[in-house]
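Participant: So I've got this file, query07.pdb, and it contains PDB, C-alpha atoms:
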ATOM      1  CA  MET U  59      17.346 -50.698  30.100  1.00  0.00           C
ATOM      2  CA  ARG U  60      19.119 -50.093  26.798  1.00  0.00           C
ATOM      3  CA  ARG U  61      16.619 -52.365  25.041  1.00  0.00           C
ATOM      4  CA  LEU U  62      13.738 -50.523  26.675  1.00  0.00           C
ATOM      5  CA  TRP U  63      15.160 -47.185  25.528  1.00  0.00           C
ATOM      6  CA  THR U  64      15.349 -48.468  21.957  1.00  0.00           C
ATOM      7  CA  MET U  65      11.760 -49.733  22.105  1.00  0.00           C
ATOM      8  CA  LEU U  66      10.591 -46.363  23.409  1.00  0.00           C
ATOM      9  CA  ALA U  67      12.392 -44.616  20.558  1.00  0.00           C
ATOM     10  CA  HIS U  68      10.680 -46.861  17.995  1.00  0.00           C
ATOM     11  CA  ARG U  69       7.314 -46.127  19.654  1.00  0.00           C
ATOM     12  CA  GLN U  70       7.881 -42.358  19.854  1.00  0.00           C
ATOM     13  CA  GLY U  71       4.451 -40.706  20.095  1.00  0.00           C
ATOM     14  CA  GLY U  72       2.607 -44.034  20.233  1.00  0.00           C
ATOM     15  CA  LEU U  73       0.209 -45.379  22.830  1.00  0.00           C
ATOM     16  CA  LEU U  74       1.886 -47.017  25.794  1.00  0.00           C
ATOM     17  CA  ASN U  75       1.524 -50.802  25.850  1.00  0.00           C
ATOM     18  CA  ALA U  76       3.475 -51.967  28.898  1.00  0.00           C
ATOM     19  CA  ALA U  77       2.460 -55.594  28.372  1.00  0.00           C
ATOM     20  CA  GLN U  78       3.975 -55.586  24.881  1.00  0.00           C
ATOM     21  CA  PHE U  79       7.226 -54.107  26.191  1.00  0.00           C
ATOM     22  CA  ALA U  80       7.254 -56.695  28.982  1.00  0.00           C
ATOM     23  CA  ARG U  81       6.891 -59.615  26.560  1.00  0.00           C
ATOM     24  CA  SER U  82       9.726 -58.313  24.401  1.00  0.00           C
ATOM     25  CA  LEU U  83      12.010 -57.806  27.403  1.00  0.00           C
ATOM     26  CA  GLY U  84      11.092 -61.057  29.170  1.00  0.00           C
ATOM     27  CA  VAL U  85       9.932 -59.305  32.342  1.00  0.00           C
ATOM     28  CA  ASP U  86       6.525 -58.577  33.836  1.00  0.00           C
ATOM     29  CA  ALA U  87       4.477 -55.443  33.172  1.00  0.00           C
ATOM     30  CA  LYS U  88       5.008 -54.160  36.726  1.00  0.00           C
ATOM     31  CA  THR U  89       8.758 -54.085  36.152  1.00  0.00           C
ATOM     32  CA  VAL U  90       8.294 -52.090  32.939  1.00  0.00           C
ATOM     33  CA  GLY U  91       5.979 -49.758  34.841  1.00  0.00           C
ATOM     34  CA  ARG U  92       8.629 -49.144  37.499  1.00  0.00           C
ATOM     35  CA  TYR U  93      11.266 -48.419  34.849  1.00  0.00           C
ATOM     36  CA  LEU U  94       8.947 -45.957  33.119  1.00  0.00           C
ATOM     37  CA  ASP U  95       8.055 -44.272  36.415  1.00  0.00           C
ATOM     38  CA  LEU U  96      11.762 -43.730  37.043  1.00  0.00           C
ATOM     39  CA  LEU U  97      12.377 -42.320  33.554  1.00  0.00           C
ATOM     40  CA  VAL U  98       9.379 -39.988  33.899  1.00  0.00           C
ATOM     41  CA  ASP U  99      10.574 -38.800  37.322  1.00  0.00           C
ATOM     42  CA  LEU U 100      14.025 -38.120  35.851  1.00  0.00           C
ATOM     43  CA  LEU U 101      12.361 -35.958  33.120  1.00  0.00           C
ATOM     44  CA  LEU U 102      13.728 -38.236  30.401  1.00  0.00           C
ATOM     45  CA  VAL U 103      10.371 -39.607  29.246  1.00  0.00           C
ATOM     46  CA  ARG U 104       7.003 -37.880  28.963  1.00  0.00           C
ATOM     47  CA  ARG U 105       3.829 -39.829  29.612  1.00  0.00           C
ATOM     48  CA  LEU U 106       1.081 -37.729  27.996  1.00  0.00           C
ATOM     49  CA  GLU U 107      -2.263 -38.626  29.522  1.00  0.00           C
ATOM     50  CA  PRO U 108      -5.528 -38.716  27.540  1.00  0.00           C
ATOM     51  CA  LEU U 109      -8.071 -35.952  28.040  1.00  0.00           C
ATOM     52  CA  HIS U 110     -11.012 -37.039  30.159  1.00  0.00           C
ATOM     53  CA  ALA U 111     -13.635 -35.069  28.271  1.00  0.00           C
ATOM     54  CA  ASN U 112     -17.293 -35.117  29.186  1.00  0.00           C
ATOM     55  CA  VAL U 113     -18.473 -36.436  25.827  1.00  0.00           C
ATOM     56  CA  GLU U 114     -20.604 -39.428  24.965  1.00  0.00           C
ATOM     57  CA  LYS U 115     -17.766 -41.161  23.143  1.00  0.00           C
ATOM     58  CA  ARG U 116     -15.606 -44.169  23.922  1.00  0.00           C
ATOM     59  CA  LEU U 117     -12.231 -42.615  24.669  1.00  0.00           C
ATOM     60  CA  VAL U 118      -8.750 -44.102  24.457  1.00  0.00           C
ATOM     61  CA  LYS U 119      -7.463 -44.533  28.025  1.00  0.00           C
ATOM     62  CA  SER U 120      -3.787 -45.389  27.445  1.00  0.00           C
ATOM     63  CA  PRO U 121      -1.234 -42.559  27.657  1.00  0.00           C
ATOM     64  CA  LYS U 122       1.092 -41.647  24.802  1.00  0.00           C
ATOM     65  CA  ILE U 123       4.804 -42.036  25.423  1.00  0.00           C
ATOM     66  CA  TYR U 124       7.676 -39.799  24.279  1.00  0.00           C
ATOM     67  CA  VAL U 125      11.417 -39.725  24.798  1.00  0.00           C
ATOM     68  CA  ARG U 126      11.693 -36.043  25.615  1.00  0.00           C
ATOM     69  CA  ASP U 127      15.022 -35.417  23.848  1.00  0.00           C
ATOM     70  CA  SER U 128      14.500 -35.900  20.108  1.00  0.00           C
ATOM     71  CA  GLY U 129      18.284 -36.061  19.613  1.00  0.00           C
ATOM     72  CA  LEU U 130      18.361 -39.089  21.904  1.00  0.00           C
ATOM     73  CA  VAL U 131      15.612 -40.703  19.816  1.00  0.00           C
ATOM     74  CA  HIS U 132      17.727 -40.278  16.696  1.00  0.00           C
ATOM     75  CA  THR U 133      20.838 -41.640  18.420  1.00  0.00           C
ATOM     76  CA  LEU U 134      19.032 -44.724  19.710  1.00  0.00           C
ATOM     77  CA  LEU U 135      17.733 -45.425  16.195  1.00  0.00           C
ATOM     78  CA  ARG U 136      21.165 -44.739  14.634  1.00  0.00           C
ATOM     79  CA  ILE U 137      19.888 -41.861  12.542  1.00  0.00           C
ATOM     80  CA  ASP U 138      22.966 -39.817  11.665  1.00  0.00           C
ATOM     81  CA  SER U 139      21.734 -37.256   9.145  1.00  0.00           C
ATOM     82  CA  GLU U 140      18.717 -35.203   8.147  1.00  0.00           C
ATOM     83  CA  ASP U 141      18.339 -37.283   4.976  1.00  0.00           C
ATOM     84  CA  GLU U 142      18.160 -40.472   7.031  1.00  0.00           C
ATOM     85  CA  LEU U 143      15.581 -38.911   9.333  1.00  0.00           C
ATOM     86  CA  LEU U 144      13.425 -37.739   6.425  1.00  0.00           C
ATOM     87  CA  GLY U 145      13.229 -41.324   5.173  1.00  0.00           C
ATOM     88  CA  HIS U 146      12.640 -42.943   8.557  1.00  0.00           C
ATOM     89  CA  PRO U 147       9.216 -44.010   9.936  1.00  0.00           C
ATOM     90  CA  VAL U 148       9.924 -42.150  13.205  1.00  0.00           C
ATOM     91  CA  LEU U 149       9.942 -38.746  11.454  1.00  0.00           C
ATOM     92  CA  GLY U 150       6.356 -37.877  12.381  1.00  0.00           C
ATOM     93  CA  GLY U 151       6.703 -39.017  15.991  1.00  0.00           C
ATOM     94  CA  SER U 152      10.041 -37.263  16.375  1.00  0.00           C
ATOM     95  CA  TRP U 153       8.600 -33.973  15.104  1.00  0.00           C
ATOM     96  CA  GLU U 154       5.533 -34.377  17.307  1.00  0.00           C
ATOM     97  CA  GLY U 155       7.642 -34.925  20.429  1.00  0.00           C
ATOM     98  CA  PHE U 156       9.918 -32.001  19.561  1.00  0.00           C
ATOM     99  CA  VAL U 157       6.976 -29.618  19.121  1.00  0.00           C
ATOM    100  CA  ILE U 158       5.227 -30.790  22.299  1.00  0.00           C
ATOM    101  CA  GLU U 159       8.338 -30.251  24.422  1.00  0.00           C
ATOM    102  CA  ASN U 160       8.834 -26.743  23.026  1.00  0.00           C
ATOM    103  CA  LEU U 161       5.193 -25.773  23.513  1.00  0.00           C
ATOM    104  CA  LEU U 162       5.179 -27.011  27.095  1.00  0.00           C
ATOM    105  CA  ARG U 163       8.414 -25.160  27.792  1.00  0.00           C
ATOM    106  CA  ALA U 164       6.720 -21.956  26.599  1.00  0.00           C
ATOM    107  CA  ALA U 165       3.388 -22.573  28.362  1.00  0.00           C
ATOM    108  CA  PRO U 166       2.332 -20.646  31.491  1.00  0.00           C
ATOM    109  CA  PRO U 167       2.703 -22.357  34.880  1.00  0.00           C
ATOM    110  CA  HIS U 168      -0.060 -24.805  35.838  1.00  0.00           C
ATOM    111  CA  THR U 169      -0.925 -25.591  32.212  1.00  0.00           C
ATOM    112  CA  GLN U 170      -2.329 -29.124  31.947  1.00  0.00           C
ATOM    113  CA  PRO U 171      -1.309 -31.043  28.779  1.00  0.00           C
ATOM    114  CA  SER U 172      -3.178 -34.032  27.337  1.00  0.00           C
ATOM    115  CA  PHE U 173      -4.280 -35.526  24.022  1.00  0.00           C
ATOM    116  CA  TYR U 174      -7.716 -36.486  22.749  1.00  0.00           C
ATOM    117  CA  ARG U 175      -8.563 -39.694  20.916  1.00  0.00           C
ATOM    118  CA  THR U 176     -11.729 -41.727  20.556  1.00  0.00           C
ATOM    119  CA  ALA U 177     -12.114 -45.353  19.552  1.00  0.00           C
ATOM    120  CA  ALA U 178     -13.825 -44.116  16.373  1.00  0.00           C
ATOM    121  CA  GLY U 179     -10.711 -42.220  15.262  1.00  0.00           C
ATOM    122  CA  ALA U 180     -11.355 -38.627  16.338  1.00  0.00           C
ATOM    123  CA  GLU U 181      -7.982 -37.309  17.473  1.00  0.00           C
ATOM    124  CA  VAL U 182      -5.973 -34.187  18.249  1.00  0.00           C
ATOM    125  CA  ASP U 183      -2.296 -34.459  19.209  1.00  0.00           C
ATOM    126  CA  LEU U 184      -2.094 -31.966  22.080  1.00  0.00           C
ATOM    127  CA  VAL U 185      -4.673 -30.225  24.244  1.00  0.00           C
ATOM    128  CA  LEU U 186      -3.531 -27.483  26.609  1.00  0.00           C
ATOM    129  CA  ASP U 187      -5.832 -26.507  29.438  1.00  0.00           C
ATOM    130  CA  LEU U 188      -4.432 -23.102  30.312  1.00  0.00           C
ATOM    131  CA  PRO U 189      -4.906 -21.117  33.515  1.00  0.00           C
ATOM    132  CA  GLY U 190      -8.258 -19.364  33.598  1.00  0.00           C
ATOM    133  CA  GLY U 191     -10.196 -22.254  32.080  1.00  0.00           C
ATOM    134  CA  ARG U 192      -8.953 -21.681  28.515  1.00  0.00           C
ATOM    135  CA  ARG U 193      -8.471 -24.690  26.233  1.00  0.00           C
ATOM    136  CA  TRP U 194      -6.299 -24.697  23.117  1.00  0.00           C
ATOM    137  CA  ALA U 195      -5.810 -27.601  20.709  1.00  0.00           C
ATOM    138  CA  PHE U 196      -2.757 -28.413  18.567  1.00  0.00           C
ATOM    139  CA  GLU U 197      -2.421 -30.813  15.660  1.00  0.00           C
ATOM    140  CA  ILE U 198       1.226 -31.448  14.728  1.00  0.00           C
ATOM    141  CA  LYS U 199       2.329 -32.355  11.200  1.00  0.00           C
ATOM    142  CA  TYR U 200       5.713 -32.511   9.518  1.00  0.00           C
ATOM    143  CA  GLY U 201       5.795 -31.124   5.987  1.00  0.00           C
ATOM    144  CA  SER U 202       5.323 -27.922   3.999  1.00  0.00           C
ATOM    145  CA  ALA U 203       1.695 -28.622   3.023  1.00  0.00           C
ATOM    146  CA  PRO U 204       0.016 -30.275   6.011  1.00  0.00           C
ATOM    147  CA  ARG U 205      -3.364 -31.897   5.567  1.00  0.00           C
ATOM    148  CA  THR U 206      -6.162 -32.297   8.066  1.00  0.00           C
ATOM    149  CA  SER U 207      -8.428 -35.303   8.518  1.00  0.00           C
ATOM    150  CA  LYS U 208     -12.076 -35.854   9.373  1.00  0.00           C
ATOM    151  CA  GLY U 209     -10.943 -37.328  12.682  1.00  0.00           C
ATOM    152  CA  LEU U 210      -9.284 -34.032  13.609  1.00  0.00           C
ATOM    153  CA  HIS U 211     -12.398 -31.994  12.785  1.00  0.00           C
ATOM    154  CA  HIS U 212     -14.562 -34.404  14.786  1.00  0.00           C
ATOM    155  CA  ALA U 213     -12.186 -34.058  17.752  1.00  0.00           C
ATOM    156  CA  LEU U 214     -12.401 -30.261  17.626  1.00  0.00           C
ATOM    157  CA  GLN U 215     -16.184 -30.479  17.576  1.00  0.00           C
ATOM    158  CA  ASP U 216     -16.049 -32.749  20.625  1.00  0.00           C
ATOM    159  CA  ILE U 217     -13.742 -30.684  22.835  1.00  0.00           C
ATOM    160  CA  GLN U 218     -14.640 -27.168  21.596  1.00  0.00           C
ATOM    161  CA  PRO U 219     -11.284 -25.424  22.134  1.00  0.00           C
ATOM    162  CA  GLU U 220     -11.070 -21.660  22.338  1.00  0.00           C
ATOM    163  CA  ARG U 221      -8.312 -21.736  19.697  1.00  0.00           C
ATOM    164  CA  ALA U 222      -6.956 -24.474  17.437  1.00  0.00           C
ATOM    165  CA  PHE U 223      -3.585 -24.595  15.675  1.00  0.00           C
ATOM    166  CA  LEU U 224      -1.955 -26.847  13.118  1.00  0.00           C
ATOM    167  CA  VAL U 225       1.791 -26.712  13.822  1.00  0.00           C
ATOM    168  CA  TYR U 226       3.929 -27.661  10.824  1.00  0.00           C
ATOM    169  CA  SER U 227       7.560 -27.489   9.760  1.00  0.00           C
ATOM    170  CA  GLY U 228       7.072 -24.439   7.532  1.00  0.00           C
ATOM    171  CA  LYS U 229       7.206 -20.766   8.469  1.00  0.00           C
ATOM    172  CA  GLU U 230       4.205 -19.120   6.798  1.00  0.00           C
ATOM    173  CA  ARG U 231       1.033 -18.498   8.781  1.00  0.00           C
ATOM    174  CA  TYR U 232      -2.431 -18.834   7.284  1.00  0.00           C
ATOM    175  CA  PRO U 233      -5.976 -19.872   8.278  1.00  0.00           C
ATOM    176  CA  ARG U 234      -7.486 -23.242   7.430  1.00  0.00           C
ATOM    177  CA  GLY U 235     -11.108 -23.654   8.419  1.00  0.00           C
ATOM    178  CA  GLU U 236     -11.405 -23.464  12.199  1.00  0.00           C
ATOM    179  CA  MET U 237      -7.623 -23.709  12.639  1.00  0.00           C
ATOM    180  CA  GLU U 238      -4.559 -21.490  12.234  1.00  0.00           C
ATOM    181  CA  VAL U 239      -1.573 -23.070  10.462  1.00  0.00           C
ATOM    182  CA  VAL U 240       1.647 -21.862  12.126  1.00  0.00           C
ATOM    183  CA  GLY U 241       5.305 -22.762  12.472  1.00  0.00           C
ATOM    184  CA  VAL U 242       6.661 -24.009  15.782  1.00  0.00           C
ATOM    185  CA  ARG U 243       8.221 -20.659  16.735  1.00  0.00           C
ATOM    186  CA  GLU U 244       4.946 -18.779  16.271  1.00  0.00           C
ATOM    187  CA  ALA U 245       3.068 -21.490  18.142  1.00  0.00           C
ATOM    188  CA  MET U 246       5.463 -21.076  21.077  1.00  0.00           C
ATOM    189  CA  GLU U 247       4.969 -17.306  21.026  1.00  0.00           C
ATOM    190  CA  GLU U 248       1.196 -17.742  21.084  1.00  0.00           C
ATOM    191  CA  VAL U 249       1.383 -20.130  24.038  1.00  0.00           C
ATOM    192  CA  ALA U 250       3.841 -17.915  25.914  1.00  0.00           C
ATOM    193  CA  GLY U 251       1.463 -14.966  25.483  1.00  0.00           C
ATOM    194  CA  ALA U 252      -1.604 -16.902  26.598  1.00  0.00           C
ATOM    195  CA  MET U 253      -1.331 -15.780  30.224  1.00  0.00           C
ATOM    196  CA  GLU U 254      -0.901 -12.119  29.253  1.00  0.00           C
ATOM    197  CA  GLY U 255      -3.923 -12.340  26.965  1.00  0.00           C
ATOM    198  CA  SER U 256      -6.063 -13.866  29.694  1.00  0.00           C
ATOM    199  CA  LEU U 257      -5.153 -11.037  32.099  1.00  0.00           C
ATOM    200  CA  GLN U 258      -5.758  -8.101  29.765  1.00  0.00           C
ATOM    201  CA  PRO U 259      -9.588  -7.925  30.056  1.00  0.00           C
ATOM    202  CA  ARG U 260      -9.351  -7.947  33.854  1.00  0.00           C
ATOM    203  CA  MET U 261      -6.735  -5.200  33.805  1.00  0.00           C
ATOM    204  CA  ARG U 262      -8.814  -3.057  31.454  1.00  0.00           C
ATOM    205  CA  SER U 263     -11.847  -3.565  33.664  1.00  0.00           C
ATOM    206  CA  SER U 264      -9.862  -2.446  36.723  1.00  0.00           C
ATOM    207  CA  SER U 265      -8.683   0.714  34.966  1.00  0.00           C
ATOM    208  CA  ARG U 266     -12.265   1.670  34.082  1.00  0.00           C
ATOM    209  CA  ASN U 267     -13.426   1.159  37.669  1.00  0.00           C
ATOM    210  CA  PRO U 268     -10.561   2.155  39.990  1.00  0.00           C
ATOM    211  CA  PRO U 269     -10.964   1.154  43.630  1.00  0.00           C
ATOM    212  CA  ARG U 270     -12.115   3.814  46.020  1.00  0.00           C
ATOM    213  CA  GLY U 271     -10.170   4.337  49.199  1.00  0.00           C
TER
END
Give the structure from this file in structure tokens form.

Facilitator:
Amino acid sequence: MRRLWTMLAHRQGGLLNAAQFARSLGVDAKTVGRYLDLLVDLLLVRRLEPLHANVEKRLVKSPKIYVRDSGLVHTLLRIDSEDELLGHPVLGGSWEGFVIENLLRAAPPHTQPSFYRTAAGAEVDLVLDLPGGRRWAFEIKYGSAPRTSKGLHHALQDIQPERAFLVYSGKERYPRGEMEVVGVREAMEEVAGAMEGSLQPRMRSSSRNPPRG
């Protein structure tokens, strides 16, 4: 189990390949699957499923896998300082997992999380299907000057979210094309307010047309 934990930490934010884990551990894929099911049930690991969008594209079907506690990721990889983390290949995956957990903690009940990726390279890190049929998309980048890719823009064209955010490790907020660049705290506030925003039009409508008794 310790070896599996370490492998999961190295693969933070990557696509799940149970067969590869099984070969490395010397067990069969079903055994790895049972271990992962247990870790998911214990809320230690997140298995983020791909979005099943109705688009004429060949979609990635494997889930992405995250150790939900980023501090545990760093401990398993023996990362003891911020400087070590900044120079480690897991930096991007660690930041991605940290942001996803915080956004989902802030999200309204019954929000459905997923990610979108096609075989051609169109990809967005997190898609939230919010109550009321609203869909928001989040790309997650570590750094003070995040860049976007053609694959991201193609993904947004495919899934047509109501709002799209690029969540980065800075604090300033500014627009970039069809997206809003925000820090993680502001992104959480936006997600937490999503339910309130979806209810406001209905409430205003009710006040204009009060029920008759």

Participant: Expanded to explicit residues, what is the PyMOL selection byres ((chain U and resi 245) around 10) for this file, as a ChimeraX atom specification?

Facilitator: /U:157,160-161,164,196,223-226,238-244,246-251

Participant: Could you spell out the hits of the PyMOL selection byres ((chain U and resi 216) around 9) on the shown file, as a PyMOL selection string?

Facilitator: chain U and resi 111-113+115+180+211-215+217-219

Participant: At a cut-off of 9 Å around the point (-0.4, -34.6, 25.5) (file coordinates), what residues fall inside when counting all atoms listed in the file? I'd like the answer as a PyMOL selection string.

Facilitator: chain U and resi 104-109+121-122+158+170-174+183-186

Participant: At a cut-off of 12 Å, using all atoms listed in the file, what residues contact Glu140 (chain U)? Leave out same-chain residues fewer than 6 positions from it and give the result as a VMD selection string.

Facilitator: chain U and resid 129 132 146 149

Participant: Would you translate the PyMOL selection byres ((chain U and resi 62) around 9) into the concrete set of residues it matches in this file, as number ranges by chain?

Facilitator: U: 59-61, 63-67, 79, 83, 90, 93

Participant: Find, counting only C-alpha atoms, the residue in U:Met253, U:Gly91, U:Ala177, U:Pro167 that gets nearest to Ala77 (chain U).

Facilitator: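 Nearest to Ala77 (chain U): U:Gly91.
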
Participant: In the coordinate frame of the file, compute which residues have an atom within 8 Å of (-6.2, -46.2, 24.5) when using only C-alpha atoms, and state them as a ChimeraX atom specification.

Facilitator: /U:73,117-121,175,177

Participant: So which one's closest to Glu181 (chain U), U:Gln70, U:Ser202, U:Ser152, U:Ser207? Using only C-alpha atoms, please.

Facilitator: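 Of all the options, U:Ser207 lies closest to Glu181 (chain U).
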
Participant: If you measure from CA of Leu74 (chain U) to CA of Glu142 (chain U), what distance in Å do you get, rounded to one decimal?

Facilitator: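 Atom-to-atom, CA of Leu74 (chain U) to CA of Glu142 (chain U), that is 25.7 Å.
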
Participant: When you draw a straight line from CA of Asp127 (chain U) to CA of Leu101 (chain U), how long is it in Å?

Facilitator: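 Computing it gives 9.7 Å between the two atoms.
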
Participant: Counting all atoms listed in the file, what is within 7 Å of Tyr200 (chain U), bar same-chain residues fewer than 4 positions away, as a ChimeraX atom specification?

Facilitator: /U:150,153,226-227

Participant: Include C-alpha atoms and write out the residues we just selected as a PDB file, in the frame of the given file.

Facilitator:
ATOM      1  CA  GLY U 150       6.356 -37.877  12.381  1.00  0.00           C
ATOM      2  CA  TRP U 153       8.600 -33.973  15.104  1.00  0.00           C
ATOM      3  CA  TYR U 226       3.929 -27.661  10.824  1.00  0.00           C
ATOM      4  CA  SER U 227       7.560 -27.489   9.760  1.00  0.00           C
TER       5      SER U 227
END

Participant: Find, counting all atoms listed in the file, the residue in U:Ile123, U:Ala76, U:Ala203, U:Ala222 that gets nearest to Lys88 (chain U).

Facilitator: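 Of the candidates, the smallest distance to Lys88 (chain U) is held by U:Ala76.
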